[in-house]
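K.L.:
Here it is: the structure, laid out below.
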Amino acid sequence: MLFCLRSPPLHPTTGKALALPICNPIDKHGRVFFLAWTSFMFSFLAWYAMPPLLNRTIQIDLDLTRTEILISNIIALVAGLLTRLVAGPLCDKFGPRYVLVGILWSAAIPTGLAGTVAGPAGLYVIRFFIGLAGAAFVPANLWVVSFYDQKVVGTATAFAAGWGDAGVGITFFVMPSVFDSLMSRHNLAATVAWRVSFIVPCLCLLTFGALVLTLSDDTPTGSWSTRPRPVVMAASRPASLYPSSLVDVRPSRKSSSASTIFAYIAPTAKLGSKPDNFTEGPTSRAASVAPTLVETAPSFGDNLRDAMCPQTLLLAGLYFCGLISDLLANRVDDDRRMHVKKYWACSLCVMQGAFCLWVGLLDSSSATTLLGGVAGIAIFMQAANGAICGIVFCTISRFSSHNETVWIVGAVSLAAGALLVLIPPVPVQQREQEEKETPSSPDNP
């Protein structure tokens with residue numbers, strides 16, 4: 001069962017939810033899900049708050065050229081991309097909840113000051129700092145991941161990302177509505193009304209930052225620094241088989257239940273130590289002669305190498321498609337789960353590219369055909385998107401016509417989807433080591 005309306009069943013060890021309480025903000029896990037996607041949504045609303053008013057009202061008031069508007073769009077996207085690169089390590093160190101609060105409040109300040117812009121230079125600066133809000137989905141999704149078990153975490157992050165991403169569309173009727181209301185009901189001039197309008201997204205960011213800080217926890221078990229971490233005891237897997245401090249906690253396909261034991265202990269545990277609540281049993285005695293491998297803090301070089309490996313880059317921009325991905329992956333063995341998810345992500349890129357080529361090359365004058373094609377692009381693009389796509393799209397559009405821009409992006413998406421199929425979901429070296437291993441245990445000498 002992926003969904004529930006009441007409090008979800010919990011994993012007995014980690015405390016993570018085994019189902020998604022999709023409409024229950026009273027429950028602790030449901031409240032985290034609610035605050036994560038709403039914070040995500042309002043951060044994207046603030047990030048895109050200026051474009052609905054930019055092409056007419058703000059452009060006329062500040063006497064902007066089309067080139068200056070396009071440059072400001074690119075600057076806003078670049079700011080979001082750069083902030084995401086910083087948000088990840090900060091989440092590892094301080095936890096996603098505090099990082100999310102920091103992003104919301106940091107973006108609220110320039111959003112409230114957007115009305116002070118007097119020219120192109122000021123517009124560039126303000127849009128860059130408003131772009132900080134574009135990184136909110138990083139801690140928001142990680143926060144959801146920390147509260148939901150692997151059986152449902154893809155579904156939870158899919159809904160959180162999908163509903164949160166709706167802020168991009170909502171802002172295109174929220175901001176004009178606020179602007180029109182200020183002009184019609186409060187008799188403000190257009191040059192003043194658009195400046196006052198930015199108080200609304202500013203207040204939303206401040207409010208939800210306070211809610212996230214006061215109404216929730218870092219993890220199901222408490223603070224981020226004391227979260228439980230996995231420990232593996234394996235007689236057949238010495239630490240030298242693994243690069244640096246990474247320890248594979250998955251049981252070998254050849255090993256028996258007695259050769260691999262999982263426990264959760266505090267981060268301060270030493271090599272070979274036992275948790276306070278460790279209970280001696282048949283499996284613990286069978287593995288008592290084995291070395292205990294405890295997760296250690298990786299170095300900067302380890303983090304950099306892992307961040308730049310093809311498997312990480314493949315998944316970096318694909319934060320949606322979790323629901324169908326989970327449903328498909330749950331139908332296969334554990335060894336094939338990552339393969340299923342990889343091919344699903346690649347198919348989304350290919351379908352996005354196909355719809356882009358259709359719209360760009362067909363150049364139809366039919367509104368029905370155009371809307372259908374754009375809808376297809378939107379569905380598959382949002383299922384497999386990343387901030388870099390927006391930067392590339394804006395850059396290409398500056399030097400090409402609309403149709404050329406669409407079909408060029410489509411060709412790139414098709415090529416990317418086809419090439420990503422070649423990247424193995426599990427490193428070849430790790431797979432070869434697992435195949436060569438001969439586990440030694442009481443049941444399998």
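Ordering of the structure tokens sets the chain letters (A, B, ...), residue numbers begin anew at 1 in every chain, and ligands are numbered from 1 in the order given.
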Using only C-alpha atoms, determine which residues lie at most 7 Å from Ala107 of chain A, disregarding the query and same-chain residues fewer than 3 positions distant; provide the list as an mmCIF file with C-alpha atoms, in the first residue's frame.
P.N.:
```cif
data_model
loop_
_atom_site.group_PDB
_atom_site.id
_atom_site.type_symbol
_atom_site.label_atom_id
_atom_site.label_comp_id
_atom_site.auth_asym_id
_atom_site.auth_seq_id
_atom_site.Cartn_x
_atom_site.Cartn_y
_atom_site.Cartn_z
ATOM 1 C CA ILE A 103 16.973 29.229 1.586
ATOM 2 C CA LEU A 104 13.405 30.424 2.183
ATOM 3 C CA PRO A 110 15.636 40.103 -2.209
ATOM 4 C CA THR A 111 12.048 39.207 -3.130
ATOM 5 C CA PHE A 129 19.530 36.676 -5.288
ATOM 6 C CA ILE A 130 15.873 35.762 -5.828
ATOM 7 C CA LEU A 132 18.409 31.385 -4.360
ATOM 8 C CA ALA A 133 14.838 30.118 -4.045
#
```
K.L.:
I'd like the contact shell of segment 140-149 of chain A - 7 Å cut-off, only C-alpha atoms, skipping same-chain residues fewer than 2 positions apart - returned as a list in words.
P.N.:
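In the requested form, the answer reads Lys16, Ala17, Leu18, His29, Val32, Phe33, Ala36, Trp37, Phe40, Pro96, Arg97, Leu100, Ala136, Phe137, Val138, Lys151, Val152, Val153, Ala156, Thr157, Thr219 and Pro220 of chain A.
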K.L.:
Find the spatial neighbours of Phe179 of chain A, counting only C-alpha atoms, within a cut-off of 7 Å - ignore same-chain residues fewer than 3 positions away - and output them as a ChimeraX atom specification.
P.N.:
/A:175-176,182-183,193-194,197
K.L.:
Between A:Lys436, A:Glu404, A:Val421, A:Cys4, which residue has the minimum interatomic distance to Asp363 of chain A, considering only C-alpha atoms?
P.N.:
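Residue with the minimum atom-to-atom distance to Asp363 of chain A: A:Glu404.
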K.L.:
So the first atom is atom CA of Leu422 of chain A and the second is atom CA of His339 of chain A; what is the distance between them in Å, to one decimal place?
P.N.:
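For atom CA of Leu422 of chain A relative to atom CA of His339 of chain A, the distance reads 11.1 Å.
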K.L.:
Given only C-alpha atoms as the basis, pick out the residue of A:Met351, A:Ala79, A:Ile423, A:Leu70 nearest to Ala378 of chain A.
P.N.:
A:Met351
